[in-house]
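**Student:** Following this line is coords38.cif, made up of mmCIF, C-alpha atoms:
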data_start
loop_
_atom_site.group_PDB
_atom_site.id
_atom_site.type_symbol
_atom_site.label_atom_id
_atom_site.label_comp_id
_atom_site.auth_asym_id
_atom_site.auth_seq_id
_atom_site.Cartn_x
_atom_site.Cartn_y
_atom_site.Cartn_z
ATOM 1 C CA MET U 26 -40.746 -27.209 18.552
ATOM 2 C CA VAL U 27 -42.844 -24.047 18.172
ATOM 3 C CA ASN U 28 -43.656 -22.141 21.362
ATOM 4 C CA ARG U 29 -46.892 -20.238 22.058
ATOM 5 C CA ALA U 30 -45.365 -16.910 21.028
ATOM 6 C CA GLY U 31 -44.346 -18.393 17.680
ATOM 7 C CA ILE U 32 -47.856 -19.734 17.087
ATOM 8 C CA ALA U 33 -49.354 -16.349 17.987
ATOM 9 C CA VAL U 34 -47.086 -14.580 15.499
ATOM 10 C CA MET U 35 -48.024 -17.055 12.745
ATOM 11 C CA VAL U 36 -51.747 -16.567 13.469
ATOM 12 C CA ILE U 37 -51.374 -12.769 13.369
ATOM 13 C CA LEU U 38 -49.486 -12.960 10.060
ATOM 14 C CA ILE U 39 -52.104 -15.267 8.525
ATOM 15 C CA GLN U 40 -54.979 -13.109 9.802
ATOM 16 C CA GLY U 41 -53.294 -9.954 8.482
ATOM 17 C CA SER U 42 -52.793 -11.526 5.091
ATOM 18 C CA CYS U 43 -56.422 -12.650 4.930
ATOM 19 C CA ALA U 44 -57.648 -9.217 6.049
ATOM 20 C CA LEU U 45 -55.666 -7.545 3.268
ATOM 21 C CA ARG U 46 -57.174 -9.887 0.692
ATOM 22 C CA ALA U 47 -60.679 -9.340 2.087
ATOM 23 C CA THR U 48 -60.336 -5.549 1.756
ATOM 24 C CA GLY U 49 -58.872 -5.813 -1.737
ATOM 25 C CA GLN U 50 -55.520 -4.350 -0.663
ATOM 26 C CA ASP U 51 -52.299 -5.727 -2.029
ATOM 27 C CA GLU U 52 -50.231 -7.852 0.303
ATOM 28 C CA PRO U 53 -46.909 -6.329 1.341
ATOM 29 C CA LYS U 54 -44.181 -7.112 -1.172
ATOM 30 C CA THR U 55 -41.454 -9.360 0.207
ATOM 31 C CA LYS U 56 -38.424 -10.907 -1.399
ATOM 32 C CA LYS U 57 -39.010 -14.428 -2.518
ATOM 33 C CA LEU U 58 -37.326 -17.208 -0.584
ATOM 34 C CA VAL U 59 -35.032 -19.175 -2.851
ATOM 35 C CA ARG U 60 -33.845 -22.595 -1.720
ATOM 36 C CA MET U 61 -30.337 -23.396 -2.808
ATOM 37 C CA ASP U 62 -28.811 -26.778 -2.020
ATOM 38 C CA LYS U 63 -25.310 -26.450 -0.579
ATOM 39 C CA ILE U 64 -22.415 -27.414 -2.867
ATOM 40 C CA GLU U 65 -19.206 -28.608 -1.299
ATOM 41 C CA LYS U 66 -16.053 -29.488 -3.230
ATOM 42 C CA THR U 67 -12.424 -29.976 -2.375
ATOM 43 C CA GLU U 68 -10.012 -27.222 -3.339
ATOM 44 C CA GLN U 69 -8.710 -29.469 -6.127
ATOM 45 C CA GLU U 70 -12.239 -29.951 -7.477
ATOM 46 C CA TRP U 71 -12.695 -26.141 -7.500
ATOM 47 C CA LYS U 72 -9.377 -25.752 -9.325
ATOM 48 C CA ASP U 73 -10.565 -28.286 -11.900
ATOM 49 C CA VAL U 74 -13.742 -26.321 -12.754
ATOM 50 C CA LEU U 75 -12.577 -22.687 -12.392
ATOM 51 C CA THR U 76 -9.937 -20.776 -14.304
ATOM 52 C CA PRO U 77 -6.933 -19.622 -12.252
ATOM 53 C CA VAL U 78 -8.347 -16.065 -12.052
ATOM 54 C CA GLN U 79 -11.820 -17.319 -11.097
ATOM 55 C CA TYR U 80 -10.286 -19.578 -8.453
ATOM 56 C CA HIS U 81 -8.194 -16.738 -7.011
ATOM 57 C CA ILE U 82 -11.173 -14.399 -6.654
ATOM 58 C CA ALA U 83 -13.962 -16.856 -5.801
ATOM 59 C CA ARG U 84 -12.020 -19.233 -3.542
ATOM 60 C CA GLU U 85 -9.077 -17.151 -2.259
ATOM 61 C CA LYS U 86 -11.083 -13.929 -1.798
ATOM 62 C CA GLY U 87 -9.179 -11.935 -4.386
ATOM 63 C CA THR U 88 -10.369 -8.736 -6.075
ATOM 64 C CA GLU U 89 -10.183 -7.735 -9.721
ATOM 65 C CA ARG U 90 -8.884 -4.271 -10.544
ATOM 66 C CA ALA U 91 -11.545 -1.575 -10.881
ATOM 67 C CA PHE U 92 -12.871 -0.861 -14.385
ATOM 68 C CA THR U 93 -11.313 -4.054 -15.816
ATOM 69 C CA GLY U 94 -14.075 -6.631 -15.289
ATOM 70 C CA GLU U 95 -16.357 -7.851 -18.042
ATOM 71 C CA TYR U 96 -19.604 -6.608 -16.437
ATOM 72 C CA TRP U 97 -18.765 -3.348 -14.639
ATOM 73 C CA ASN U 98 -20.342 -1.312 -17.470
ATOM 74 C CA LEU U 99 -22.897 -3.820 -18.842
ATOM 75 C CA TYR U 100 -26.551 -2.787 -18.571
ATOM 76 C CA GLU U 101 -28.392 -5.355 -20.689
ATOM 77 C CA LYS U 102 -31.512 -7.136 -19.427
ATOM 78 C CA GLY U 103 -30.940 -10.499 -17.786
ATOM 79 C CA HIS U 104 -29.593 -11.912 -14.559
ATOM 80 C CA TYR U 105 -26.271 -12.775 -12.959
ATOM 81 C CA GLU U 106 -25.268 -16.199 -11.648
ATOM 82 C CA CYS U 107 -22.389 -17.419 -9.497
ATOM 83 C CA VAL U 108 -19.395 -18.441 -11.615
ATOM 84 C CA ALA U 109 -18.694 -21.412 -9.349
ATOM 85 C CA CYS U 110 -22.145 -22.999 -8.962
ATOM 86 C CA ALA U 111 -24.538 -21.158 -11.341
ATOM 87 C CA GLY U 112 -26.767 -20.056 -8.454
ATOM 88 C CA ARG U 113 -28.880 -17.044 -9.434
ATOM 89 C CA LEU U 114 -27.631 -13.987 -7.519
ATOM 90 C CA PHE U 115 -28.698 -10.626 -9.009
ATOM 91 C CA GLU U 116 -31.223 -9.268 -11.521
ATOM 92 C CA SER U 117 -30.205 -6.654 -14.092
ATOM 93 C CA GLU U 118 -33.054 -4.410 -12.862
ATOM 94 C CA THR U 119 -31.162 -3.984 -9.569
ATOM 95 C CA LYS U 120 -27.867 -2.987 -11.235
ATOM 96 C CA PHE U 121 -26.882 0.670 -11.179
ATOM 97 C CA LYS U 122 -24.031 2.959 -12.219
ATOM 98 C CA SER U 123 -22.057 3.520 -9.033
ATOM 99 C CA GLY U 124 -18.837 4.777 -10.615
ATOM 100 C CA CYS U 125 -16.769 2.389 -8.470
ATOM 101 C CA GLY U 126 -15.532 0.217 -11.365
ATOM 102 C CA TRP U 127 -17.271 -3.021 -10.347
ATOM 103 C CA PRO U 128 -20.778 -4.254 -11.097
ATOM 104 C CA SER U 129 -23.025 -2.722 -8.428
ATOM 105 C CA PHE U 130 -26.489 -3.861 -7.380
ATOM 106 C CA PHE U 131 -28.884 -2.464 -4.777
ATOM 107 C CA GLU U 132 -30.265 -5.880 -3.774
ATOM 108 C CA PRO U 133 -29.669 -9.592 -4.372
ATOM 109 C CA GLU U 134 -32.118 -11.986 -6.013
ATOM 110 C CA SER U 135 -33.068 -13.097 -2.500
ATOM 111 C CA ASP U 136 -31.574 -12.753 0.956
ATOM 112 C CA SER U 137 -31.200 -16.543 0.926
ATOM 113 C CA THR U 138 -28.887 -16.553 -2.128
ATOM 114 C CA ILE U 139 -26.050 -14.686 -0.410
ATOM 115 C CA ASN U 140 -24.296 -14.690 2.947
ATOM 116 C CA LEU U 141 -22.694 -11.706 4.638
ATOM 117 C CA HIS U 142 -19.509 -11.867 6.735
ATOM 118 C CA ARG U 143 -17.437 -9.352 8.671
ATOM 119 C CA ASP U 144 -14.177 -8.748 6.787
ATOM 120 C CA THR U 145 -11.267 -7.064 8.569
ATOM 121 C CA SER U 146 -8.651 -7.761 5.903
ATOM 122 C CA GLN U 147 -6.485 -5.052 4.334
ATOM 123 C CA GLY U 148 -6.790 -2.777 7.373
ATOM 124 C CA MET U 149 -10.510 -2.094 6.769
ATOM 125 C CA ILE U 150 -13.785 -3.215 8.299
ATOM 126 C CA ARG U 151 -16.152 -4.271 5.522
ATOM 127 C CA THR U 152 -18.960 -6.727 4.903
ATOM 128 C CA GLU U 153 -18.017 -9.548 2.550
ATOM 129 C CA VAL U 154 -20.654 -11.062 0.251
ATOM 130 C CA THR U 155 -20.444 -14.793 -0.536
ATOM 131 C CA CYS U 156 -22.654 -17.178 -2.483
ATOM 132 C CA ALA U 157 -24.911 -19.049 -0.054
ATOM 133 C CA ARG U 158 -24.782 -22.168 -2.216
ATOM 134 C CA CYS U 159 -21.007 -22.652 -2.639
ATOM 135 C CA ASP U 160 -19.350 -19.995 -0.418
ATOM 136 C CA ALA U 161 -17.675 -18.305 -3.407
ATOM 137 C CA HIS U 162 -16.366 -14.821 -2.619
ATOM 138 C CA LEU U 163 -18.405 -12.311 -4.628
ATOM 139 C CA GLY U 164 -17.353 -8.918 -3.285
ATOM 140 C CA HIS U 165 -18.529 -6.539 -0.556
ATOM 141 C CA VAL U 166 -21.652 -4.596 0.379
ATOM 142 C CA PHE U 167 -21.637 -0.935 1.444
ATOM 143 C CA ASN U 168 -24.247 1.442 2.881
ATOM 144 C CA ASP U 169 -23.914 4.069 0.129
ATOM 145 C CA GLY U 170 -26.284 2.712 -2.496
ATOM 146 C CA PRO U 171 -29.463 4.145 -4.010
ATOM 147 C CA PRO U 172 -33.056 3.728 -2.820
ATOM 148 C CA PRO U 173 -34.917 1.611 -2.081
ATOM 149 C CA THR U 174 -32.300 -0.292 -0.038
ATOM 150 C CA GLY U 175 -29.476 2.232 0.334
ATOM 151 C CA LEU U 176 -27.061 -0.655 -0.277
ATOM 152 C CA ARG U 177 -24.341 -1.120 -2.889
ATOM 153 C CA TYR U 178 -23.376 -4.733 -3.530
ATOM 154 C CA CYS U 179 -19.974 -4.213 -5.163
ATOM 155 C CA ILE U 180 -19.314 -7.521 -6.948
ATOM 156 C CA ASN U 181 -16.342 -8.842 -8.923
ATOM 157 C CA SER U 182 -17.223 -9.526 -12.579
ATOM 158 C CA VAL U 183 -15.046 -12.648 -12.393
ATOM 159 C CA SER U 184 -17.414 -14.064 -9.743
ATOM 160 C CA LEU U 185 -20.407 -13.698 -12.063
ATOM 161 C CA ILE U 186 -21.877 -15.124 -15.243
ATOM 162 C CA PHE U 187 -24.361 -12.892 -17.095
ATOM 163 C CA ILE U 188 -27.378 -14.639 -18.600
ATOM 164 C CA PRO U 189 -29.147 -12.351 -21.125
ATOM 165 C CA GLU U 190 -32.920 -12.160 -21.091
ATOM 166 C CA GLU U 191 -34.486 -14.165 -23.910
ATOM 167 C CA GLU U 192 -36.535 -12.046 -26.281
#
Show me this structure written as structure tokens.
**Tutor:**
Amino acid sequence: MVNRAGIAVMVILIQGSCALRATGQDEPKTKKLVRMDKIEKTEQEWKDVLTPVQYHIAREKGTERAFTGEYWNLYEKGHYECVACAGRLFESETKFKSGCGWPSFFEPESDSTINLHRDTSQGMIRTEVTCARCDAHLGHVFNDGPPPTGLRYCINSVSLIFIPEEE
């Protein structure tokens, strides 16, 4: 049920959008909303489709050693998908050289493709990043990234599949 305040906000947003179009101004850029159907499997089903290393990192929240992953130093055009469910997670245009030894991105494909969780493991307070579609552990996000977001999504290569851009 939508209350009066919610209706008022929707009307203001619609009016603002129409006013921008009427004046020839560009609408504000927003991240696209990506719908991803939830995937649920038993632990045995995950073990059947993932390698032991992929299972350890994606399902048991492991971490690969820095500077050892397949994608930490890859800067080709394309996008990155979740190793467990093939959900699209990051674009190569958002990848940057952070020097941390893991693939680093300043923003995800969409806010709806990832989930963030408080992580207090290993004596630290961090923010864990998981795939919104299958709950696979991807890595962590930190507040020391470049503009425009100031974020560094530090992601395990093992949690990703790189799909090169077709030429």
**Student:** Using only C-alpha atoms, determine which residues lie at most 10 Å from region 63-77 of chain U, disregarding the query and same-chain residues fewer than 5 positions distant; provide the list as a count of residues only.
**Tutor:** 12
**Student:** Measure the distance from CA of Phe167 (chain U) to CA of Phe187 (chain U) in Å and round it to one decimal.
**Tutor:**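 We find that CA of Phe167 (chain U) and CA of Phe187 (chain U) lie 22.2 Å from each other.
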**Student:** Which residue, U:Ser184, U:Asn168, U:Ser123, U:Thr152, has the smallest gap to Ala111 (chain U) when you use only C-alpha atoms?
**Tutor:**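 Smallest distance to Ala111 (chain U) is found for U:Ser184.
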**Student:** Which protein, DNA or RNA residues have an atom at most 9 Å from (-16.1, -11.1, -18.6), counting only C-alpha atoms? List them as a list in words.
**Tutor:** Thr93, Gly94, Glu95, Tyr96, Ser182, Val183, Leu185, Ile186 and Phe187 of chain U
**Student:** What separation in Å, quoted to one decimal, exists between CA of Trp127 (chain U) and CA of Trp97 (chain U)?
**Tutor:**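 Interatomic distance, CA of Trp127 (chain U) to CA of Trp97 (chain U): 4.6 Å.
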**Student:** So what do you get for CA of Ile150 (chain U) versus CA of Arg113 (chain U), distance-wise?
**Tutor:** 27.1 Å
**Student:** First collect every listed atom of region 68-81 of chain U; then fit an axis-aligned box around them, widen it by 5 Å on each side, and give centre and edge lengths in Å to one decimal, as lines of an AutoDock Vina configuration file.
**Tutor:**
center_x = -10.3
center_y = -23.0
center_z = -8.8
size_x = 16.8
size_y = 23.9
size_z = 21.0
**Student:** Counting only C-alpha atoms, figure out which residue out of U:Glu134, U:Glu85, U:Glu153, U:Asp144 gets nearest to Gly103 (chain U).
**Tutor:**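 With only C-alpha atoms as the atom set, the closest residue is U:Glu134.
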**Student:** Select, from U:Pro133, U:Gly170, U:Gly164, U:Gly148, the residue with the minimum atom-to-atom distance to Glu118 (chain U), counting only C-alpha atoms.
**Tutor:**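 Closest to Glu118 (chain U), using only C-alpha atoms: U:Pro133.
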**Student:** Nearest residue to Pro128 (chain U) out of U:Thr145, U:Asn98, U:Thr174, U:Asn140, using only C-alpha atoms?
**Tutor:**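 Among the listed residues, U:Asn98 lies closest to Pro128 (chain U).
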**Student:** Out of U:Ala91, U:Leu141, U:Val154, U:Cys125, which residue has the shortest atom-to-atom distance to Asp169 (chain U) when counting only C-alpha atoms?
**Tutor:**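 Among the listed residues, U:Cys125 lies closest to Asp169 (chain U).
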**Student:** Looking at all atoms listed in the file, which of U:Thr119, U:Glu132, U:Ala161, U:Ile139 is the one that sits closest to Asn181 (chain U)?
**Tutor:**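 Using all atoms listed in the file, the shortest distance to Asn181 (chain U) belongs to U:Ala161.
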